[in-house]
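Reviewing the structure listed below.
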Amino acid sequence: MARTPIIAGNWKMNKTPDEAVAFVRELSPKLAERSQVDRVVAPTFLALPAVAAALGGSPVKVAAQNAHWQAYGAYTSQISVEMLAPYVDYIIIGHSECRAYLNESDENVNRKAQAILAADINPIIAVGESLAQNEAGETLPFVRAQVTAALKGIAPQDMPRVVIAYEPIWAIGTGKSASGALAEHIIKTAVRDTLAGLFGRDIAEAVRVQYGGSVKPANMEEYMTQPNIDGALVGGASLDVEDFAALIAIAARSKGP
Ligand code: PGA
């Protein structure tokens, strides 16, 4: 099954609302022709309304970097899926920085995935092992367990809207990236085969799986030429208009018809 590639820029805690709007105004025309690729930017919460307004009518879609699973209530500092719904098509959950600094648990990632799907938004669920786990040979069972926990109770018919981002923690923001062959192996065996075990092969083949971790124009082709890698979740290189446009051009060329 042909899967539409998806490249998402995770801006993390970067760009004020004004900077974010200026950035997408410059970016959007450069991506207009790349309709073979789903193009997504994930500003901070604060910039979401302004970026969504600036991109109105543009094919570039907007993601939030997190969400709370409850609709409202006494959850100081949190923002619900319902509050984000007018502005976003995607919500990133389970990012390793949220798991590390905000105590994001597999159980909460699962609650968030359910709330996001119920609101007709697409979750991008990030998984990936630490350096210590990688060196101890625990990558495959650990990633399988993360994928399984995140998707507990998800209805099979919702699965084609789910995007999984495999991001080895040791490759995030470090300049060290997994080789294309290694990322393909882990994505195939720990993500796609796990999805097949949970939901059947047809559904597993419909789910898009991104690689993330020090993706840049120089290594993008290595990932995009792998059969099980359907795009990238990009941090650092997504903050630069030319680099992000180059990543999308490479995805369009490598994956396009
Ligand atoms: P990076 O970040 O591209 O800067 O390594 C990726 C991510 O955290 O999603």
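In the structure tokens, chains take letters A, B, ... by order of appearance, with residues numbered from 1 within each chain and ligands from 1 in the order shown.
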
| task | Please identify every polymer residue within 6 Å of ligand 1, using only C-alpha atoms and all ligand atoms, and present the set as number ranges by chain. | result | A: 10, 171-173, 212-215, 233-236

Any chance you could export the current selection's all heavy atoms as an mmCIF file, in the first residue's frame?
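So the final result, stored in result32.cif, reads:
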data_model
loop_
_atom_site.group_PDB
_atom_site.id
_atom_site.type_symbol
_atom_site.label_atom_id
_atom_site.label_comp_id
_atom_site.auth_asym_id
_atom_site.auth_seq_id
_atom_site.Cartn_x
_atom_site.Cartn_y
_atom_site.Cartn_z
ATOM 1 N N ASN A 10 9.213 19.751 14.419
ATOM 2 C CA ASN A 10 8.943 19.939 15.846
ATOM 3 C C ASN A 10 9.814 21.090 16.323
ATOM 4 O O ASN A 10 11.010 20.920 16.522
ATOM 5 C CB ASN A 10 9.279 18.629 16.586
ATOM 6 C CG ASN A 10 9.213 18.779 18.090
ATOM 7 O OD1 ASN A 10 8.681 19.758 18.607
ATOM 8 N ND2 ASN A 10 9.771 17.803 18.812
ATOM 9 N N ALA A 171 19.940 9.937 19.474
ATOM 10 C CA ALA A 171 20.118 10.635 18.194
ATOM 11 C C ALA A 171 19.440 11.995 18.183
ATOM 12 O O ALA A 171 19.597 12.749 17.231
ATOM 13 C CB ALA A 171 19.570 9.778 17.056
ATOM 14 N N ILE A 172 18.684 12.333 19.247
ATOM 15 C CA ILE A 172 17.909 13.590 19.222
ATOM 16 C C ILE A 172 18.795 14.759 19.617
ATOM 17 O O ILE A 172 19.319 14.804 20.728
ATOM 18 C CB ILE A 172 16.683 13.503 20.156
ATOM 19 C CG1 ILE A 172 15.703 12.452 19.626
ATOM 20 C CG2 ILE A 172 16.001 14.858 20.274
ATOM 21 C CD1 ILE A 172 14.498 12.225 20.514
ATOM 22 N N GLY A 173 18.970 15.671 18.681
ATOM 23 C CA GLY A 173 19.722 16.898 18.957
ATOM 24 C C GLY A 173 21.202 16.669 19.205
ATOM 25 O O GLY A 173 21.896 17.566 19.675
ATOM 26 N N GLY A 212 13.064 9.905 13.494
ATOM 27 C CA GLY A 212 13.482 11.204 14.014
ATOM 28 C C GLY A 212 14.778 11.074 14.783
ATOM 29 O O GLY A 212 15.051 10.046 15.413
ATOM 30 N N GLY A 213 15.565 12.129 14.748
ATOM 31 C CA GLY A 213 16.842 12.148 15.466
ATOM 32 C C GLY A 213 17.940 12.629 14.538
ATOM 33 O O GLY A 213 18.448 11.872 13.720
ATOM 34 N N SER A 214 18.236 13.955 14.626
ATOM 35 C CA SER A 214 19.302 14.569 13.824
ATOM 36 C C SER A 214 19.112 14.374 12.325
ATOM 37 O O SER A 214 20.067 14.174 11.582
ATOM 38 C CB SER A 214 20.678 14.054 14.283
ATOM 39 O OG SER A 214 20.928 14.457 15.621
ATOM 40 N N VAL A 215 17.845 14.436 11.889
ATOM 41 C CA VAL A 215 17.574 14.408 10.445
ATOM 42 C C VAL A 215 17.946 15.758 9.859
ATOM 43 O O VAL A 215 17.617 16.805 10.418
ATOM 44 C CB VAL A 215 16.086 14.112 10.164
ATOM 45 C CG1 VAL A 215 15.767 14.287 8.681
ATOM 46 C CG2 VAL A 215 15.724 12.707 10.629
ATOM 47 N N LEU A 233 10.325 13.134 11.727
ATOM 48 C CA LEU A 233 10.000 14.135 12.744
ATOM 49 C C LEU A 233 11.317 14.868 12.995
ATOM 50 O O LEU A 233 12.304 14.250 13.402
ATOM 51 C CB LEU A 233 9.471 13.462 14.014
ATOM 52 C CG LEU A 233 9.020 14.396 15.144
ATOM 53 C CD1 LEU A 233 7.938 15.366 14.693
ATOM 54 C CD2 LEU A 233 8.501 13.579 16.331
ATOM 55 N N VAL A 234 11.315 16.162 12.716
ATOM 56 C CA VAL A 234 12.569 16.907 12.612
ATOM 57 C C VAL A 234 12.593 18.034 13.632
ATOM 58 O O VAL A 234 11.642 18.831 13.693
ATOM 59 C CB VAL A 234 12.699 17.513 11.191
ATOM 60 C CG1 VAL A 234 14.068 18.164 11.028
ATOM 61 C CG2 VAL A 234 12.443 16.464 10.125
ATOM 62 N N GLY A 235 13.634 18.108 14.430
ATOM 63 C CA GLY A 235 13.780 19.205 15.376
ATOM 64 C C GLY A 235 14.615 20.319 14.776
ATOM 65 O O GLY A 235 14.128 21.155 14.016
ATOM 66 N N GLY A 236 15.901 20.306 15.062
ATOM 67 C CA GLY A 236 16.811 21.396 14.688
ATOM 68 C C GLY A 236 16.663 21.865 13.246
ATOM 69 O O GLY A 236 16.548 23.080 12.995
#

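Near Asp89 (chain A), within 7 Å and counting only C-alpha atoms, sit Lys61, Val62, Ala63, Ile121 and Asn122 of chain A; same-chain residues fewer than 6 positions away were not included.
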
Resulting file, chosen residues, all heavy atoms, as a compact mmCIF listing (two decimals), in the first residue's frame:
# COMPACT_ATOMS: atom_id res chain seq x y z
N LYS A 61 0.14 21.91 7.26
CA LYS A 61 -0.74 21.64 8.40
C LYS A 61 -0.02 21.96 9.72
O LYS A 61 1.21 22.03 9.77
CB LYS A 61 -1.17 20.17 8.41
CG LYS A 61 -1.89 19.75 7.15
CD LYS A 61 -3.19 20.50 6.99
CE LYS A 61 -3.93 20.09 5.73
NZ LYS A 61 -4.86 21.14 5.29
N VAL A 62 -0.83 22.09 10.76
CA VAL A 62 -0.30 22.52 12.06
C VAL A 62 -0.44 21.39 13.08
O VAL A 62 -1.46 20.70 13.11
CB VAL A 62 -1.04 23.78 12.55
CG1 VAL A 62 -0.50 24.25 13.89
CG2 VAL A 62 -0.95 24.89 11.51
N ALA A 63 0.59 21.23 13.90
CA ALA A 63 0.56 20.26 14.99
C ALA A 63 0.82 20.97 16.31
O ALA A 63 1.55 21.97 16.35
CB ALA A 63 1.63 19.19 14.78
N ILE A 121 -8.54 14.26 15.47
CA ILE A 121 -7.20 14.81 15.21
C ILE A 121 -6.26 13.61 15.09
O ILE A 121 -6.59 12.50 15.54
CB ILE A 121 -6.80 15.78 16.35
CG1 ILE A 121 -7.81 16.92 16.42
CG2 ILE A 121 -5.39 16.33 16.16
CD1 ILE A 121 -7.67 17.81 17.63
N ASN A 122 -5.11 13.81 14.45
CA ASN A 122 -4.18 12.69 14.21
C ASN A 122 -3.04 12.74 15.21
O ASN A 122 -2.29 13.72 15.23
CB ASN A 122 -3.61 12.79 12.79
CG ASN A 122 -4.71 12.94 11.77
OD1 ASN A 122 -5.59 12.10 11.65
ND2 ASN A 122 -4.69 14.06 11.06

| task | Using backbone DSSP assignments, extract all strand (DSSP E or B) residues from region 16-220 of chain A; output them as an MDAnalysis selection string. | result | chainID A and resid 38:42 61:64 68 80 90:93 122:127 163:166 208:212

| field | Shell around Leu46 (chain A) at 8 Å using only C-alpha atoms, local window under 2 positions removed, as a PyMOL selection string | value | chain A and resi 16-17+43-44+48-49

Please, could you write that set of residues out with N, CA, C and O atoms as a PDB file, in the first residue's frame?
ATOM      1  N   THR A  16       8.900  32.896  18.875  1.00  0.00           N
ATOM      2  CA  THR A  16       7.756  33.638  19.413  1.00  0.00           C
ATOM      3  C   THR A  16       6.626  33.564  18.386  1.00  0.00           C
ATOM      4  O   THR A  16       6.866  33.203  17.222  1.00  0.00           O
ATOM      5  N   PRO A  17       5.400  33.962  18.766  1.00  0.00           N
ATOM      6  CA  PRO A  17       4.324  33.976  17.765  1.00  0.00           C
ATOM      7  C   PRO A  17       4.675  34.806  16.534  1.00  0.00           C
ATOM      8  O   PRO A  17       4.423  34.373  15.401  1.00  0.00           O
ATOM      9  N   PRO A  43       4.509  24.469  16.127  1.00  0.00           N
ATOM     10  CA  PRO A  43       4.980  25.590  16.957  1.00  0.00           C
ATOM     11  C   PRO A  43       4.654  25.361  18.432  1.00  0.00           C
ATOM     12  O   PRO A  43       3.985  24.380  18.779  1.00  0.00           O
ATOM     13  N   THR A  44       5.063  26.302  19.282  1.00  0.00           N
ATOM     14  CA  THR A  44       4.642  26.229  20.686  1.00  0.00           C
ATOM     15  C   THR A  44       3.130  26.475  20.768  1.00  0.00           C
ATOM     16  O   THR A  44       2.529  27.044  19.848  1.00  0.00           O
ATOM     17  N   LEU A  48       0.156  28.797  18.214  1.00  0.00           N
ATOM     18  CA  LEU A  48      -0.738  27.987  17.360  1.00  0.00           C
ATOM     19  C   LEU A  48      -1.845  28.812  16.686  1.00  0.00           C
ATOM     20  O   LEU A  48      -2.038  28.683  15.468  1.00  0.00           O
ATOM     21  N   PRO A  49      -2.591  29.665  17.423  1.00  0.00           N
ATOM     22  CA  PRO A  49      -3.665  30.389  16.729  1.00  0.00           C
ATOM     23  C   PRO A  49      -3.128  31.271  15.600  1.00  0.00           C
ATOM     24  O   PRO A  49      -3.684  31.291  14.498  1.00  0.00           O
TER      25      PRO A  49
END

| said: Using only C-alpha atoms for the distances, tell me which of A:Val24, A:Leu151, A:Ala67, A:Ile125 is nearest to Leu198 (chain A). | reply: A:Leu151

| Hey, which of A:Ala183, A:Ser58, A:Met83, A:Gln114 ends up closest to Ala32 (chain A)? Count only C-alpha atoms. | A:Ser58

| said: Just checking: using only C-alpha atoms, which residue out of A:Pro217, A:Gly128, A:Pro29, A:Gly9 ends up closest to Trp170 (chain A)? | reply: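 For Trp170 (chain A), the nearest of the candidates is A:Gly128.
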
| Which residues, written as a PyMOL selection string, have at least one atom at most 12 Å from Arg161 (chain A), with only C-alpha atoms counted and residues fewer than 3 positions away on the same chain left out? | chain A and resi 3-4+6+89-91+113-114+116-125+154-158+164+203-204+206-209

| query | When distances are computed from only C-alpha atoms, which of A:Thr148, A:Ala54, A:Met220, A:Ala8 shows the smallest separation from Ala178 (chain A)? | reply |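 Residue with the minimum atom-to-atom distance to Ala178 (chain A): A:Met220.
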
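For the atom pair formed by CA of Ile248 (chain A) and CA of Gly94 (chain A), the distance is 23.8 Å, given to one decimal.
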
| said: Could you check the closest approach to Pro168 (chain A) for each of A:Phe199, A:Tyr211, A:Trp69, A:Tyr101 and tell me which residue wins, using only C-alpha atoms? | reply: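 That would be A:Tyr211, the residue with the smallest distance to Pro168 (chain A).
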
| note | Computed gap from CA of Ser238 (chain A) to CA of Ala165 (chain A) is 15.4 Å

| message | I need the residues in region 109-230 of chain A that are helix (DSSP H, G or I) according to DSSP; give them as a ChimeraX atom specification. | response | /A:109-118,131-135,139-150,156-161,169-171,180-199,201-206,217-224

Deliver the residues from the most recent selection as a file, using C-alpha atoms, as a short mmCIF file (atom, residue, chain, number, x, y, z; two decimals), in the first residue's frame.
data_model
loop_
_atom_site.label_atom_id
_atom_site.label_comp_id
_atom_site.auth_asym_id
_atom_site.auth_seq_id
_atom_site.Cartn_x
_atom_site.Cartn_y
_atom_site.Cartn_z
CA VAL A 109 0.43 8.65 26.16
CA ASN A 110 -2.33 6.10 25.65
CA ARG A 111 -4.94 8.36 27.29
CA LYS A 112 -3.82 11.22 25.06
CA ALA A 113 -3.93 9.06 21.92
CA GLN A 114 -7.52 8.09 22.71
CA ALA A 115 -8.59 11.70 23.36
CA ILE A 116 -6.90 12.94 20.19
CA LEU A 117 -8.51 10.29 17.99
CA ALA A 118 -11.91 10.94 19.59
CA LEU A 131 21.59 5.13 24.76
CA ALA A 132 21.89 2.79 27.76
CA GLN A 133 19.01 0.65 26.50
CA ASN A 134 20.49 0.63 23.03
CA GLU A 135 23.90 -0.47 24.32
CA THR A 139 15.96 -1.59 21.83
CA LEU A 140 13.56 -3.99 20.14
CA PRO A 141 11.62 -5.19 23.21
CA PHE A 142 11.53 -1.66 24.66
CA VAL A 143 10.15 -0.04 21.50
CA ARG A 144 7.66 -2.89 21.03
CA ALA A 145 6.41 -2.33 24.59
CA GLN A 146 6.08 1.44 24.06
CA VAL A 147 4.11 0.95 20.85
CA THR A 148 1.85 -1.65 22.45
CA ALA A 149 1.16 0.48 25.54
CA ALA A 150 0.47 3.64 23.51
CA PRO A 156 -8.56 -0.69 14.49
CA GLN A 157 -10.49 1.66 12.21
CA ASP A 158 -8.74 4.65 13.85
CA MET A 159 -5.27 3.26 13.26
CA PRO A 160 -4.71 4.67 9.75
CA ARG A 161 -4.86 8.16 11.34
CA ILE A 169 16.93 9.29 22.25
CA TRP A 170 20.67 9.12 21.65
CA ALA A 171 20.12 10.63 18.19
CA GLY A 180 19.15 4.35 7.38
CA ALA A 181 19.54 0.57 7.55
CA LEU A 182 19.39 0.49 11.37
CA ALA A 183 16.35 2.80 11.51
CA GLU A 184 14.64 0.66 8.86
CA HIS A 185 15.37 -2.53 10.82
CA ILE A 186 13.98 -1.16 14.08
CA ILE A 187 10.95 0.43 12.42
CA LYS A 188 10.18 -2.78 10.54
CA THR A 189 10.67 -5.22 13.40
CA ALA A 190 9.75 -3.19 16.50
CA VAL A 191 7.06 -0.91 15.06
CA ARG A 192 5.43 -2.29 11.92
CA ASP A 193 5.55 -5.96 12.92
CA THR A 194 4.18 -5.00 16.35
CA LEU A 195 1.32 -3.15 14.67
CA ALA A 196 0.67 -6.26 12.56
CA GLY A 197 0.52 -8.39 15.71
CA LEU A 198 -1.92 -5.98 17.33
CA PHE A 199 -4.14 -5.00 14.39
CA ARG A 201 -1.05 -6.82 8.50
CA ASP A 202 -3.37 -4.63 6.40
CA ILE A 203 -3.72 -2.02 9.13
CA ALA A 204 -0.01 -2.19 9.94
CA GLU A 205 0.76 -1.41 6.29
CA ALA A 206 -1.51 1.66 6.38
CA PRO A 217 19.23 17.50 4.30
CA ALA A 218 22.54 15.59 4.13
CA ASN A 219 21.10 12.36 5.59
CA MET A 220 17.43 12.63 4.58
CA GLU A 221 17.73 10.52 1.45
CA GLU A 222 19.22 7.66 3.45
CA TYR A 223 15.96 7.46 5.42
CA MET A 224 13.51 8.24 2.66
#

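Using only C-alpha atoms, the shortest contact distance between Arg25 (chain A) and any of A:Val163, A:Val241, A:Ala64, A:Ala71 is found at A:Val241.
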
Selection: 9 Å around His95 (chain A), only C-alpha atoms, excl. self and same-chain fewer than 4 positions, as a short mmCIF file (atom, residue, chain, number, x, y, z; two decimals) with N, CA, C and O atoms, in the first residue's frame:
data_model
loop_
_atom_site.label_atom_id
_atom_site.label_comp_id
_atom_site.auth_asym_id
_atom_site.auth_seq_id
_atom_site.Cartn_x
_atom_site.Cartn_y
_atom_site.Cartn_z
N GLN A 65 2.48 20.30 20.21
CA GLN A 65 3.57 19.45 20.71
C GLN A 65 3.16 18.58 21.89
O GLN A 65 3.97 17.79 22.39
N ASN A 66 1.92 18.73 22.36
CA ASN A 66 1.43 17.94 23.48
C ASN A 66 -0.03 18.29 23.68
O ASN A 66 -0.55 19.20 23.01
N ARG A 99 8.73 12.74 28.04
CA ARG A 99 8.88 11.56 28.91
C ARG A 99 9.96 11.83 29.95
O ARG A 99 9.81 11.46 31.12
N ALA A 100 11.06 12.51 29.54
CA ALA A 100 12.18 12.73 30.46
C ALA A 100 11.92 13.87 31.44
O ALA A 100 12.21 13.75 32.62
N GLU A 104 6.14 12.04 31.40
CA GLU A 104 5.12 11.44 30.54
C GLU A 104 5.24 9.92 30.60
O GLU A 104 6.30 9.38 30.36
N ILE A 125 2.77 9.72 17.59
CA ILE A 125 3.20 9.11 18.86
C ILE A 125 4.69 8.78 18.77
O ILE A 125 5.11 7.98 17.93
N ALA A 126 5.47 9.45 19.63
CA ALA A 126 6.92 9.26 19.58
C ALA A 126 7.34 8.14 20.54
O ALA A 126 6.87 8.07 21.68
N VAL A 127 8.22 7.30 20.05
CA VAL A 127 8.79 6.21 20.84
C VAL A 127 10.29 6.16 20.56
O VAL A 127 10.75 6.73 19.58
N GLY A 128 11.03 5.48 21.43
CA GLY A 128 12.46 5.34 21.15
C GLY A 128 13.23 5.06 22.42
O GLY A 128 12.82 5.46 23.51
N ALA A 165 6.36 7.93 15.46
CA ALA A 165 7.70 8.47 15.18
C ALA A 165 8.70 7.69 16.01
O ALA A 165 8.66 7.74 17.25
N GLU A 167 12.14 7.58 17.39
CA GLU A 167 13.25 8.51 17.62
C GLU A 167 14.17 7.95 18.70
O GLU A 167 13.86 8.05 19.90
#

| Atom pair CA of Asn103 (chain A) / CA of Gln210 (chain A): separation (Å) | 23.1 Å
